[in-house]
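Engineer: Here you go, one structure.
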Amino acid sequence: MMIDRIKGEGAKVEVYGKEWSETDAKARELANSNETIAYVPPFDDKLLWDGHSTMIDEIFNQLEGAAPDAVVASVGGGGLLAGVLTGLQKRETWAKKTVVVAAETEGAASMHRALEAGKPVHIGTIKTIASSLGAPKVCDEVVSKALSHPAGTKSILVSDKEALAGTTLLLNEHRFLCEPACGAAIAASCRLETVIPNYSDATLVIIVCGGGNISYDLLHMYEEKVAES
């Protein structure tokens with residue numbers, strides 16, 4: 001679906017590689033060999049982290065400065081999460097109070113493995129319907145920021161079925177259709193009592209990010225696929 005949308009803008013789309021790392025290597029090769037082609041990193045760049053960090057500025061204004069107990073965000077390559085951590089760490093009070101929760105599906109647990117190892121780890125094959133989480137290795141910056149975050153960074157893994165249930169919950173309750181990658185954050189938020197003290201009284205922020213590559217037909221296809229597994 002996303003490929004068709006890009007083509008609709010007049011772009012030539014070349015699909016390459018069996019996994020993201022192969023695709024990324026090809027993109028860098030093309031950019032290095034042709035000065036008219038620009039390489040745009042999907043998550044590993046300070047410009048992206050700084051841009052994503054402004055969400056925390058918006059949340060700060062919405063909460064009138066009161067620090068939330070936790071911020072939940074889905075993780076693919078770590079660009080969004082690095083931005084969240086950057087934004088929190090600009091504010092000492094928030095950095096000390098607000099726990100960051102990294103949500104992933106079990107088949108794309110690159111951040112979970114990185115937190116366990118204390119460094120980025122290549123997890124090999126990605127096995128999940130949440131394709132936007134499909135980076136087999138997170139960027140160095142997100143691991144460094146996560147491990148040094150004063151309030152702590154926690155990992156919650158959910159199944160594809162739970163991620164899809166999160167997508168459906170958001171659709172039913174708020175009339176927003178998101179990708180399963182975002183549904184993973186919704187699903188993780190239903191299990192925060194395992195990582196957040198006094199969960200029932202906590203102020204929580206869930207970042208709902210990822211609705212560009214989903215449709216009702218695709219949602220139905222995912223439901224059938226998960227039911228068969």
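Within each chain, counting starts at residue 1; across the structure tokens, chains are named A, B, ... in the order shown, with ligands numbered 1 upward in that order.
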Give me the region 38-69 of chain A side of the contact with region 191-209 of chain A, cut-off 12 Å, one line per residue showing its nearest atom pair and distance in Å at one decimal, counting only C-alpha atoms, sorted by chain and residue number, as a Markdown table.

Structural biologist:
```
| residue | atom | partner | partner_atom | distance |
| --- | --- | --- | --- | --- |
| A:His52 | CA | A:Cys209 | CA | 10.9 |
| A:Ser53 | CA | A:Ile207 | CA | 12.0 |
| A:Met55 | CA | A:Ile207 | CA | 9.0 |
| A:Ile56 | CA | A:Val205 | CA | 10.0 |
| A:Glu58 | CA | A:Val205 | CA | 11.8 |
| A:Ile59 | CA | A:Val205 | CA | 8.4 |
| A:Phe60 | CA | A:Val205 | CA | 10.9 |
| A:Gln62 | CA | A:Val205 | CA | 11.0 |
| A:Leu63 | CA | A:Thr203 | CA | 9.8 |
| A:Ala66 | CA | A:Thr203 | CA | 9.3 |
| A:Ala67 | CA | A:Thr203 | CA | 8.2 |
| A:Pro68 | CA | A:Thr203 | CA | 4.9 |
| A:Asp69 | CA | A:Thr203 | CA | 5.3 |
```

Engineer: How would the residues just chosen look if you wrote them out with C-alpha atoms as a compact mmCIF listing (two decimals), in the first residue's frame?

Structural biologist:
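Contents of again-v5.txt, as written:
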```
# COMPACT_ATOMS: atom_id res chain seq x y z
CA HIS A 52 10.80 13.90 17.68
CA SER A 53 11.84 15.50 20.98
CA MET A 55 6.57 16.01 21.18
CA ILE A 56 7.73 16.23 24.78
CA GLU A 58 3.89 19.68 23.41
CA ILE A 59 3.14 17.20 26.19
CA PHE A 60 4.78 19.55 28.71
CA GLN A 62 -0.65 20.01 27.67
CA LEU A 63 0.15 18.76 31.18
CA ALA A 66 3.36 18.21 35.56
CA ALA A 67 5.66 15.27 34.79
CA PRO A 68 3.89 12.04 33.78
CA ASP A 69 4.82 8.80 35.49
```

Engineer: Name all residues at most 8 Å from region 91-104 of chain A (count only C-alpha atoms; drop same-chain ones fewer than 5 positions away) and give them as a PDB file with all heavy atoms, in the first residue's frame.

Structural biologist:
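result15.pdb was written with the following content:
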```pdb
ATOM      1  N   ALA A  67       4.989  16.406  35.420  1.00  0.00           N
ATOM      2  CA  ALA A  67       5.664  15.273  34.794  1.00  0.00           C
ATOM      3  C   ALA A  67       4.803  14.012  34.869  1.00  0.00           C
ATOM      4  O   ALA A  67       4.311  13.660  35.941  1.00  0.00           O
ATOM      5  CB  ALA A  67       7.004  15.008  35.471  1.00  0.00           C
ATOM      6  N   PRO A  68       4.624  13.309  33.741  1.00  0.00           N
ATOM      7  CA  PRO A  68       3.889  12.040  33.778  1.00  0.00           C
ATOM      8  C   PRO A  68       4.737  10.960  34.437  1.00  0.00           C
ATOM      9  O   PRO A  68       5.964  11.091  34.541  1.00  0.00           O
ATOM     10  CB  PRO A  68       3.663  11.731  32.296  1.00  0.00           C
ATOM     11  CG  PRO A  68       4.805  12.400  31.598  1.00  0.00           C
ATOM     12  CD  PRO A  68       5.095  13.648  32.391  1.00  0.00           C
ATOM     13  N   ASP A  69       4.082   9.914  34.880  1.00  0.00           N
ATOM     14  CA  ASP A  69       4.818   8.803  35.493  1.00  0.00           C
ATOM     15  C   ASP A  69       5.502   7.929  34.450  1.00  0.00           C
ATOM     16  O   ASP A  69       6.521   7.302  34.742  1.00  0.00           O
ATOM     17  CB  ASP A  69       3.867   7.954  36.342  1.00  0.00           C
ATOM     18  CG  ASP A  69       3.331   8.735  37.527  1.00  0.00           C
ATOM     19  OD1 ASP A  69       4.090   8.932  38.487  1.00  0.00           O
ATOM     20  OD2 ASP A  69       2.164   9.181  37.479  1.00  0.00           O
ATOM     21  N   ALA A  70       4.937   7.884  33.241  1.00  0.00           N
ATOM     22  CA  ALA A  70       5.526   7.054  32.198  1.00  0.00           C
ATOM     23  C   ALA A  70       5.141   7.571  30.819  1.00  0.00           C
ATOM     24  O   ALA A  70       4.070   8.149  30.629  1.00  0.00           O
ATOM     25  CB  ALA A  70       5.077   5.603  32.345  1.00  0.00           C
ATOM     26  N   VAL A  71       6.036   7.356  29.870  1.00  0.00           N
ATOM     27  CA  VAL A  71       5.761   7.573  28.451  1.00  0.00           C
ATOM     28  C   VAL A  71       5.998   6.255  27.745  1.00  0.00           C
ATOM     29  O   VAL A  71       7.059   5.638  27.893  1.00  0.00           O
ATOM     30  CB  VAL A  71       6.666   8.663  27.839  1.00  0.00           C
ATOM     31  CG1 VAL A  71       6.428   8.763  26.331  1.00  0.00           C
ATOM     32  CG2 VAL A  71       6.413  10.004  28.491  1.00  0.00           C
ATOM     33  N   VAL A  72       5.005   5.811  26.976  1.00  0.00           N
ATOM     34  CA  VAL A  72       5.086   4.545  26.246  1.00  0.00           C
ATOM     35  C   VAL A  72       5.218   4.839  24.763  1.00  0.00           C
ATOM     36  O   VAL A  72       4.454   5.635  24.208  1.00  0.00           O
ATOM     37  CB  VAL A  72       3.826   3.681  26.476  1.00  0.00           C
ATOM     38  CG1 VAL A  72       3.978   2.317  25.810  1.00  0.00           C
ATOM     39  CG2 VAL A  72       3.548   3.528  27.965  1.00  0.00           C
ATOM     40  N   ALA A  73       6.180   4.198  24.101  1.00  0.00           N
ATOM     41  CA  ALA A  73       6.357   4.381  22.661  1.00  0.00           C
ATOM     42  C   ALA A  73       6.835   3.081  22.032  1.00  0.00           C
ATOM     43  O   ALA A  73       7.610   2.332  22.630  1.00  0.00           O
ATOM     44  CB  ALA A  73       7.370   5.491  22.376  1.00  0.00           C
ATOM     45  N   SER A  74       6.367   2.821  20.826  1.00  0.00           N
ATOM     46  CA  SER A  74       6.838   1.663  20.074  1.00  0.00           C
ATOM     47  C   SER A  74       8.248   1.932  19.559  1.00  0.00           C
ATOM     48  O   SER A  74       8.632   3.080  19.335  1.00  0.00           O
ATOM     49  CB  SER A  74       5.912   1.386  18.892  1.00  0.00           C
ATOM     50  OG  SER A  74       4.609   1.072  19.326  1.00  0.00           O
ATOM     51  N   VAL A  75       9.009   0.856  19.363  1.00  0.00           N
ATOM     52  CA  VAL A  75      10.396   0.992  18.907  1.00  0.00           C
ATOM     53  C   VAL A  75      10.646   0.111  17.688  1.00  0.00           C
ATOM     54  O   VAL A  75      10.372  -1.091  17.714  1.00  0.00           O
ATOM     55  CB  VAL A  75      11.394   0.580  20.011  1.00  0.00           C
ATOM     56  CG1 VAL A  75      12.819   0.869  19.555  1.00  0.00           C
ATOM     57  CG2 VAL A  75      11.101   1.311  21.303  1.00  0.00           C
ATOM     58  N   GLY A  76      11.165   0.747  16.632  1.00  0.00           N
ATOM     59  CA  GLY A  76      11.655   0.018  15.467  1.00  0.00           C
ATOM     60  C   GLY A  76      13.171   0.104  15.487  1.00  0.00           C
ATOM     61  O   GLY A  76      13.862  -0.675  16.121  1.00  0.00           O
ATOM     62  N   LEU A  81      12.048   6.789  19.894  1.00  0.00           N
ATOM     63  CA  LEU A  81      12.367   6.657  21.317  1.00  0.00           C
ATOM     64  C   LEU A  81      13.556   7.540  21.702  1.00  0.00           C
ATOM     65  O   LEU A  81      13.570   8.130  22.782  1.00  0.00           O
ATOM     66  CB  LEU A  81      12.663   5.198  21.666  1.00  0.00           C
ATOM     67  CG  LEU A  81      12.667   4.904  23.169  1.00  0.00           C
ATOM     68  CD1 LEU A  81      11.254   4.992  23.727  1.00  0.00           C
ATOM     69  CD2 LEU A  81      13.255   3.528  23.462  1.00  0.00           C
ATOM     70  N   LEU A  85      13.456  10.378  24.641  1.00  0.00           N
ATOM     71  CA  LEU A  85      14.466  10.463  25.701  1.00  0.00           C
ATOM     72  C   LEU A  85      15.198  11.800  25.658  1.00  0.00           C
ATOM     73  O   LEU A  85      15.494  12.392  26.702  1.00  0.00           O
ATOM     74  CB  LEU A  85      15.454   9.304  25.556  1.00  0.00           C
ATOM     75  CG  LEU A  85      14.896   7.930  25.956  1.00  0.00           C
ATOM     76  CD1 LEU A  85      15.700   6.809  25.327  1.00  0.00           C
ATOM     77  CD2 LEU A  85      14.874   7.781  27.473  1.00  0.00           C
ATOM     78  N   ALA A 109      12.174  -7.794  18.565  1.00  0.00           N
ATOM     79  CA  ALA A 109      12.586  -7.327  19.894  1.00  0.00           C
ATOM     80  C   ALA A 109      14.020  -6.808  19.924  1.00  0.00           C
ATOM     81  O   ALA A 109      14.805  -7.146  20.811  1.00  0.00           O
ATOM     82  CB  ALA A 109      12.411  -8.458  20.902  1.00  0.00           C
ATOM     83  N   MET A 111      15.195  -3.730  20.560  1.00  0.00           N
ATOM     84  CA  MET A 111      15.478  -2.861  21.703  1.00  0.00           C
ATOM     85  C   MET A 111      15.531  -3.669  22.995  1.00  0.00           C
ATOM     86  O   MET A 111      16.375  -3.423  23.863  1.00  0.00           O
ATOM     87  CB  MET A 111      14.412  -1.759  21.812  1.00  0.00           C
ATOM     88  CG  MET A 111      14.693  -0.718  22.894  1.00  0.00           C
ATOM     89  SD  MET A 111      16.195   0.243  22.509  1.00  0.00           S
ATOM     90  CE  MET A 111      16.348   1.232  23.990  1.00  0.00           C
ATOM     91  N   HIS A 112      14.645  -4.624  23.119  1.00  0.00           N
ATOM     92  CA  HIS A 112      14.634  -5.490  24.302  1.00  0.00           C
ATOM     93  C   HIS A 112      15.973  -6.206  24.452  1.00  0.00           C
ATOM     94  O   HIS A 112      16.560  -6.232  25.541  1.00  0.00           O
ATOM     95  CB  HIS A 112      13.499  -6.511  24.170  1.00  0.00           C
ATOM     96  CG  HIS A 112      13.379  -7.436  25.338  1.00  0.00           C
ATOM     97  ND1 HIS A 112      12.740  -7.088  26.508  1.00  0.00           N
ATOM     98  CD2 HIS A 112      13.843  -8.706  25.532  1.00  0.00           C
ATOM     99  CE1 HIS A 112      12.799  -8.091  27.361  1.00  0.00           C
ATOM    100  NE2 HIS A 112      13.467  -9.075  26.794  1.00  0.00           N
ATOM    101  N   LEU A 133       8.202  -2.031  12.730  1.00  0.00           N
ATOM    102  CA  LEU A 133       9.152  -2.303  13.806  1.00  0.00           C
ATOM    103  C   LEU A 133      10.296  -3.184  13.318  1.00  0.00           C
ATOM    104  O   LEU A 133      11.064  -3.714  14.125  1.00  0.00           O
ATOM    105  CB  LEU A 133       8.450  -2.991  14.989  1.00  0.00           C
ATOM    106  CG  LEU A 133       7.257  -2.268  15.607  1.00  0.00           C
ATOM    107  CD1 LEU A 133       6.739  -3.051  16.808  1.00  0.00           C
ATOM    108  CD2 LEU A 133       7.618  -0.845  16.003  1.00  0.00           C
ATOM    109  N   HIS A 149      19.042   7.050  31.208  1.00  0.00           N
ATOM    110  CA  HIS A 149      17.860   7.816  31.608  1.00  0.00           C
ATOM    111  C   HIS A 149      17.636   7.671  33.112  1.00  0.00           C
ATOM    112  O   HIS A 149      17.480   6.558  33.627  1.00  0.00           O
ATOM    113  CB  HIS A 149      16.635   7.317  30.847  1.00  0.00           C
ATOM    114  CG  HIS A 149      15.398   8.113  31.134  1.00  0.00           C
ATOM    115  ND1 HIS A 149      15.323   9.473  30.947  1.00  0.00           N
ATOM    116  CD2 HIS A 149      14.178   7.735  31.625  1.00  0.00           C
ATOM    117  CE1 HIS A 149      14.120   9.896  31.292  1.00  0.00           C
ATOM    118  NE2 HIS A 149      13.411   8.869  31.708  1.00  0.00           N
ATOM    119  N   PRO A 150      17.627   8.785  33.855  1.00  0.00           N
ATOM    120  CA  PRO A 150      17.561   8.713  35.323  1.00  0.00           C
ATOM    121  C   PRO A 150      16.382   7.921  35.877  1.00  0.00           C
ATOM    122  O   PRO A 150      16.538   7.168  36.854  1.00  0.00           O
ATOM    123  CB  PRO A 150      17.472  10.196  35.729  1.00  0.00           C
ATOM    124  CG  PRO A 150      18.173  10.919  34.630  1.00  0.00           C
ATOM    125  CD  PRO A 150      17.814  10.173  33.375  1.00  0.00           C
ATOM    126  N   ALA A 151      15.203   8.065  35.293  1.00  0.00           N
ATOM    127  CA  ALA A 151      14.014   7.372  35.815  1.00  0.00           C
ATOM    128  C   ALA A 151      13.948   5.919  35.357  1.00  0.00           C
ATOM    129  O   ALA A 151      13.146   5.138  35.868  1.00  0.00           O
ATOM    130  CB  ALA A 151      12.740   8.109  35.401  1.00  0.00           C
ATOM    131  N   GLY A 152      14.771   5.569  34.384  1.00  0.00           N
ATOM    132  CA  GLY A 152      14.808   4.197  33.905  1.00  0.00           C
ATOM    133  C   GLY A 152      14.048   3.994  32.607  1.00  0.00           C
ATOM    134  O   GLY A 152      13.086   4.708  32.307  1.00  0.00           O
ATOM    135  N   THR A 153      14.488   3.014  31.849  1.00  0.00           N
ATOM    136  CA  THR A 153      13.825   2.614  30.605  1.00  0.00           C
ATOM    137  C   THR A 153      13.461   1.141  30.712  1.00  0.00           C
ATOM    138  O   THR A 153      14.328   0.304  30.975  1.00  0.00           O
ATOM    139  CB  THR A 153      14.739   2.826  29.386  1.00  0.00           C
ATOM    140  OG1 THR A 153      15.135   4.199  29.316  1.00  0.00           O
ATOM    141  CG2 THR A 153      14.014   2.451  28.095  1.00  0.00           C
ATOM    142  N   LYS A 154      12.196   0.840  30.534  1.00  0.00           N
ATOM    143  CA  LYS A 154      11.693  -0.522  30.651  1.00  0.00           C
ATOM    144  C   LYS A 154      11.272  -1.052  29.278  1.00  0.00           C
ATOM    145  O   LYS A 154      10.907  -0.280  28.387  1.00  0.00           O
ATOM    146  CB  LYS A 154      10.503  -0.577  31.606  1.00  0.00           C
ATOM    147  CG  LYS A 154      10.764   0.029  32.975  1.00  0.00           C
ATOM    148  CD  LYS A 154      11.818  -0.744  33.756  1.00  0.00           C
ATOM    149  CE  LYS A 154      11.983  -0.162  35.162  1.00  0.00           C
ATOM    150  NZ  LYS A 154      13.002  -0.904  35.943  1.00  0.00           N
ATOM    151  N   SER A 155      11.299  -2.353  29.138  1.00  0.00           N
ATOM    152  CA  SER A 155      10.882  -2.990  27.892  1.00  0.00           C
ATOM    153  C   SER A 155       9.677  -3.888  28.147  1.00  0.00           C
ATOM    154  O   SER A 155       9.648  -4.646  29.117  1.00  0.00           O
ATOM    155  CB  SER A 155      12.027  -3.835  27.320  1.00  0.00           C
ATOM    156  OG  SER A 155      11.570  -4.652  26.249  1.00  0.00           O
ATOM    157  N   ILE A 156       8.681  -3.768  27.275  1.00  0.00           N
ATOM    158  CA  ILE A 156       7.538  -4.680  27.316  1.00  0.00           C
ATOM    159  C   ILE A 156       7.360  -5.278  25.928  1.00  0.00           C
ATOM    160  O   ILE A 156       7.243  -4.553  24.936  1.00  0.00           O
ATOM    161  CB  ILE A 156       6.243  -3.962  27.746  1.00  0.00           C
ATOM    162  CG1 ILE A 156       6.349  -3.502  29.201  1.00  0.00           C
ATOM    163  CG2 ILE A 156       5.034  -4.892  27.577  1.00  0.00           C
ATOM    164  CD1 ILE A 156       5.099  -2.809  29.723  1.00  0.00           C
ATOM    165  N   LEU A 157       7.362  -6.599  25.864  1.00  0.00           N
ATOM    166  CA  LEU A 157       7.133  -7.305  24.603  1.00  0.00           C
ATOM    167  C   LEU A 157       5.694  -7.815  24.559  1.00  0.00           C
ATOM    168  O   LEU A 157       5.174  -8.306  25.556  1.00  0.00           O
ATOM    169  CB  LEU A 157       8.084  -8.498  24.471  1.00  0.00           C
ATOM    170  CG  LEU A 157       9.581  -8.191  24.427  1.00  0.00           C
ATOM    171  CD1 LEU A 157      10.371  -9.490  24.303  1.00  0.00           C
ATOM    172  CD2 LEU A 157       9.911  -7.255  23.276  1.00  0.00           C
ATOM    173  N   VAL A 158       5.076  -7.681  23.390  1.00  0.00           N
ATOM    174  CA  VAL A 158       3.721  -8.184  23.201  1.00  0.00           C
ATOM    175  C   VAL A 158       3.698  -9.091  21.982  1.00  0.00           C
ATOM    176  O   VAL A 158       4.568  -9.011  21.110  1.00  0.00           O
ATOM    177  CB  VAL A 158       2.708  -7.026  23.021  1.00  0.00           C
ATOM    178  CG1 VAL A 158       2.706  -6.123  24.239  1.00  0.00           C
ATOM    179  CG2 VAL A 158       3.010  -6.219  21.761  1.00  0.00           C
ATOM    180  N   ALA A 181       2.190  -1.807  14.534  1.00  0.00           N
ATOM    181  CA  ALA A 181       3.387  -1.284  15.202  1.00  0.00           C
ATOM    182  C   ALA A 181       3.004  -0.304  16.299  1.00  0.00           C
ATOM    183  O   ALA A 181       3.610  -0.284  17.377  1.00  0.00           O
ATOM    184  CB  ALA A 181       4.296  -0.600  14.174  1.00  0.00           C
ATOM    185  N   ALA A 184       1.168  -2.026  19.253  1.00  0.00           N
ATOM    186  CA  ALA A 184       2.048  -2.627  20.260  1.00  0.00           C
ATOM    187  C   ALA A 184       2.170  -1.719  21.478  1.00  0.00           C
ATOM    188  O   ALA A 184       2.224  -2.189  22.618  1.00  0.00           O
ATOM    189  CB  ALA A 184       3.428  -2.892  19.656  1.00  0.00           C
ATOM    190  N   ALA A 185       2.206  -0.409  21.251  1.00  0.00           N
ATOM    191  CA  ALA A 185       2.284   0.535  22.374  1.00  0.00           C
ATOM    192  C   ALA A 185       0.989   0.536  23.170  1.00  0.00           C
ATOM    193  O   ALA A 185       1.004   0.614  24.407  1.00  0.00           O
ATOM    194  CB  ALA A 185       2.585   1.945  21.860  1.00  0.00           C
ATOM    195  N   ALA A 188       1.032  -2.669  25.165  1.00  0.00           N
ATOM    196  CA  ALA A 188       1.985  -2.583  26.283  1.00  0.00           C
ATOM    197  C   ALA A 188       1.418  -1.753  27.425  1.00  0.00           C
ATOM    198  O   ALA A 188       1.659  -2.044  28.600  1.00  0.00           O
ATOM    199  CB  ALA A 188       3.302  -1.994  25.798  1.00  0.00           C
ATOM    200  N   ILE A 196       5.441  -0.118  36.402  1.00  0.00           N
ATOM    201  CA  ILE A 196       5.159   1.195  36.981  1.00  0.00           C
ATOM    202  C   ILE A 196       4.570   1.044  38.380  1.00  0.00           C
ATOM    203  O   ILE A 196       3.476   0.486  38.544  1.00  0.00           O
ATOM    204  CB  ILE A 196       4.168   1.994  36.101  1.00  0.00           C
ATOM    205  CG1 ILE A 196       4.696   2.126  34.674  1.00  0.00           C
ATOM    206  CG2 ILE A 196       3.906   3.377  36.709  1.00  0.00           C
ATOM    207  CD1 ILE A 196       6.000   2.869  34.552  1.00  0.00           C
TER     208      ILE A 196
END
```

Engineer: Considering only strand (DSSP E or B) as DSSP defines it on the backbone, what residues of region 22-109 of chain A qualify? List them as a PDB file with all heavy atoms, in the first residue's frame.

Structural biologist:
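Dumped to selection-v1.pdb:
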```
ATOM      1  N   ALA A  70       4.937   7.884  33.241  1.00  0.00           N
ATOM      2  CA  ALA A  70       5.526   7.054  32.198  1.00  0.00           C
ATOM      3  C   ALA A  70       5.141   7.571  30.819  1.00  0.00           C
ATOM      4  O   ALA A  70       4.070   8.149  30.629  1.00  0.00           O
ATOM      5  CB  ALA A  70       5.077   5.603  32.345  1.00  0.00           C
ATOM      6  N   VAL A  71       6.036   7.356  29.870  1.00  0.00           N
ATOM      7  CA  VAL A  71       5.761   7.573  28.451  1.00  0.00           C
ATOM      8  C   VAL A  71       5.998   6.255  27.745  1.00  0.00           C
ATOM      9  O   VAL A  71       7.059   5.638  27.893  1.00  0.00           O
ATOM     10  CB  VAL A  71       6.666   8.663  27.839  1.00  0.00           C
ATOM     11  CG1 VAL A  71       6.428   8.763  26.331  1.00  0.00           C
ATOM     12  CG2 VAL A  71       6.413  10.004  28.491  1.00  0.00           C
ATOM     13  N   VAL A  72       5.005   5.811  26.976  1.00  0.00           N
ATOM     14  CA  VAL A  72       5.086   4.545  26.246  1.00  0.00           C
ATOM     15  C   VAL A  72       5.218   4.839  24.763  1.00  0.00           C
ATOM     16  O   VAL A  72       4.454   5.635  24.208  1.00  0.00           O
ATOM     17  CB  VAL A  72       3.826   3.681  26.476  1.00  0.00           C
ATOM     18  CG1 VAL A  72       3.978   2.317  25.810  1.00  0.00           C
ATOM     19  CG2 VAL A  72       3.548   3.528  27.965  1.00  0.00           C
ATOM     20  N   ALA A  73       6.180   4.198  24.101  1.00  0.00           N
ATOM     21  CA  ALA A  73       6.357   4.381  22.661  1.00  0.00           C
ATOM     22  C   ALA A  73       6.835   3.081  22.032  1.00  0.00           C
ATOM     23  O   ALA A  73       7.610   2.332  22.630  1.00  0.00           O
ATOM     24  CB  ALA A  73       7.370   5.491  22.376  1.00  0.00           C
ATOM     25  N   SER A  74       6.367   2.821  20.826  1.00  0.00           N
ATOM     26  CA  SER A  74       6.838   1.663  20.074  1.00  0.00           C
ATOM     27  C   SER A  74       8.248   1.932  19.559  1.00  0.00           C
ATOM     28  O   SER A  74       8.632   3.080  19.335  1.00  0.00           O
ATOM     29  CB  SER A  74       5.912   1.386  18.892  1.00  0.00           C
ATOM     30  OG  SER A  74       4.609   1.072  19.326  1.00  0.00           O
ATOM     31  N   VAL A  99       9.322   7.427  33.721  1.00  0.00           N
ATOM     32  CA  VAL A  99       9.849   6.173  33.191  1.00  0.00           C
ATOM     33  C   VAL A  99       9.489   6.074  31.707  1.00  0.00           C
ATOM     34  O   VAL A  99       8.386   6.430  31.291  1.00  0.00           O
ATOM     35  CB  VAL A  99       9.255   4.968  33.948  1.00  0.00           C
ATOM     36  CG1 VAL A  99       9.718   3.652  33.332  1.00  0.00           C
ATOM     37  CG2 VAL A  99       9.624   5.038  35.422  1.00  0.00           C
ATOM     38  N   VAL A 100      10.426   5.605  30.911  1.00  0.00           N
ATOM     39  CA  VAL A 100      10.179   5.386  29.486  1.00  0.00           C
ATOM     40  C   VAL A 100       9.959   3.901  29.255  1.00  0.00           C
ATOM     41  O   VAL A 100      10.732   3.059  29.724  1.00  0.00           O
ATOM     42  CB  VAL A 100      11.356   5.897  28.645  1.00  0.00           C
ATOM     43  CG1 VAL A 100      11.194   5.481  27.178  1.00  0.00           C
ATOM     44  CG2 VAL A 100      11.456   7.417  28.738  1.00  0.00           C
ATOM     45  N   VAL A 101       8.881   3.580  28.539  1.00  0.00           N
ATOM     46  CA  VAL A 101       8.546   2.177  28.257  1.00  0.00           C
ATOM     47  C   VAL A 101       8.663   1.928  26.763  1.00  0.00           C
ATOM     48  O   VAL A 101       7.967   2.553  25.959  1.00  0.00           O
ATOM     49  CB  VAL A 101       7.130   1.827  28.744  1.00  0.00           C
ATOM     50  CG1 VAL A 101       6.810   0.371  28.428  1.00  0.00           C
ATOM     51  CG2 VAL A 101       7.011   2.096  30.245  1.00  0.00           C
ATOM     52  N   ALA A 102       9.552   1.029  26.389  1.00  0.00           N
ATOM     53  CA  ALA A 102       9.770   0.661  24.995  1.00  0.00           C
ATOM     54  C   ALA A 102       8.899  -0.541  24.657  1.00  0.00           C
ATOM     55  O   ALA A 102       9.050  -1.614  25.256  1.00  0.00           O
ATOM     56  CB  ALA A 102      11.240   0.321  24.763  1.00  0.00           C
ATOM     57  N   ALA A 103       7.998  -0.374  23.708  1.00  0.00           N
ATOM     58  CA  ALA A 103       7.067  -1.443  23.329  1.00  0.00           C
ATOM     59  C   ALA A 103       7.477  -2.051  21.991  1.00  0.00           C
ATOM     60  O   ALA A 103       7.725  -1.328  21.025  1.00  0.00           O
ATOM     61  CB  ALA A 103       5.644  -0.890  23.233  1.00  0.00           C
ATOM     62  N   GLU A 104       7.538  -3.370  21.954  1.00  0.00           N
ATOM     63  CA  GLU A 104       7.876  -4.086  20.723  1.00  0.00           C
ATOM     64  C   GLU A 104       7.078  -5.386  20.664  1.00  0.00           C
ATOM     65  O   GLU A 104       6.617  -5.890  21.691  1.00  0.00           O
ATOM     66  CB  GLU A 104       9.361  -4.451  20.690  1.00  0.00           C
ATOM     67  CG  GLU A 104      10.315  -3.284  20.708  1.00  0.00           C
ATOM     68  CD  GLU A 104      11.749  -3.753  20.897  1.00  0.00           C
ATOM     69  OE1 GLU A 104      12.098  -4.193  22.014  1.00  0.00           O
ATOM     70  OE2 GLU A 104      12.516  -3.681  19.935  1.00  0.00           O
ATOM     71  N   THR A 105       6.971  -5.925  19.477  1.00  0.00           N
ATOM     72  CA  THR A 105       6.419  -7.269  19.355  1.00  0.00           C
ATOM     73  C   THR A 105       7.535  -8.286  19.588  1.00  0.00           C
ATOM     74  O   THR A 105       8.720  -7.974  19.426  1.00  0.00           O
ATOM     75  CB  THR A 105       5.791  -7.503  17.968  1.00  0.00           C
ATOM     76  OG1 THR A 105       6.753  -7.205  16.948  1.00  0.00           O
ATOM     77  CG2 THR A 105       4.551  -6.638  17.778  1.00  0.00           C
TER      78      THR A 105
END
```

Engineer: With only C-alpha atoms as the atoms that count, which of A:Ala146, A:Ala114, A:Ile129, A:Val13 lies nearest to Lys161 (chain A)?

Structural biologist: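 Closest residue, counting only C-alpha atoms: A:Ile129.
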
Engineer: Using only C-alpha atoms, can you tell me which of A:Gln89, A:Ser132, A:Ser189, A:Ser144 comes closest to Phe43 (chain A)?

Structural biologist: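 Of A:Gln89, A:Ser132, A:Ser189, A:Ser144, the one nearest Phe43 (chain A) is A:Ser132, counting only C-alpha atoms.
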
Engineer: So, with only C-alpha atoms as the atoms that count, which of A:Val121, A:Leu88, A:Leu30, A:Ile126 lies closest to Asp57 (chain A)?

Structural biologist: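 Of A:Val121, A:Leu88, A:Leu30, A:Ile126, the one nearest Asp57 (chain A) is A:Leu88, counting only C-alpha atoms.
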
Engineer: Let's see if you can do this: from backbone DSSP, list all helix (DSSP H, G or I) residues in region 56-187 of chain A, as a ChimeraX atom specification.

Structural biologist: /A:56-62,79-89,92-97,106-108,110-117,131-133,140-148,160-174,180-187

Engineer: Between A:Leu48, A:Ala165, A:Ile123, A:Ala130, which has the minimum distance to Gly210 (chain A) (counting only C-alpha atoms)?

Structural biologist: A:Ala130

Engineer: May I have the residues within 6 Å of region 136-140 of chain A as a compact mmCIF listing (two decimals) with N, CA and C atoms, in the first residue's frame, using only C-alpha atoms and disregarding those fewer than 4 positions away in the same chain?

Structural biologist:
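Written file, result_28.txt:
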```txt
# COMPACT_ATOMS: atom_id res chain seq x y z
N ASP A 44 18.37 6.91 12.41
CA ASP A 44 19.69 7.11 13.02
C ASP A 44 20.29 8.46 12.61
N GLY A 77 13.69 1.15 14.83
CA GLY A 77 15.13 1.38 14.87
C GLY A 77 15.56 2.27 16.00
N GLY A 78 14.60 2.94 16.65
CA GLY A 78 14.91 3.72 17.84
C GLY A 78 14.88 5.23 17.66
N SER A 110 14.39 -5.95 18.99
CA SER A 110 15.77 -5.47 18.93
C SER A 110 16.13 -4.56 20.10
N PRO A 120 23.61 -2.29 21.28
CA PRO A 120 22.78 -2.79 20.16
C PRO A 120 23.19 -4.21 19.77
N VAL A 121 22.18 -5.03 19.49
CA VAL A 121 22.39 -6.42 19.11
C VAL A 121 21.59 -6.70 17.84
N HIS A 122 22.22 -7.35 16.88
CA HIS A 122 21.50 -7.74 15.66
C HIS A 122 20.71 -9.01 15.96
N ILE A 123 19.40 -8.94 15.82
CA ILE A 123 18.56 -10.07 16.24
C ILE A 123 18.25 -11.04 15.10
N GLY A 124 18.75 -10.75 13.90
CA GLY A 124 18.51 -11.67 12.79
C GLY A 124 17.17 -11.44 12.14
```
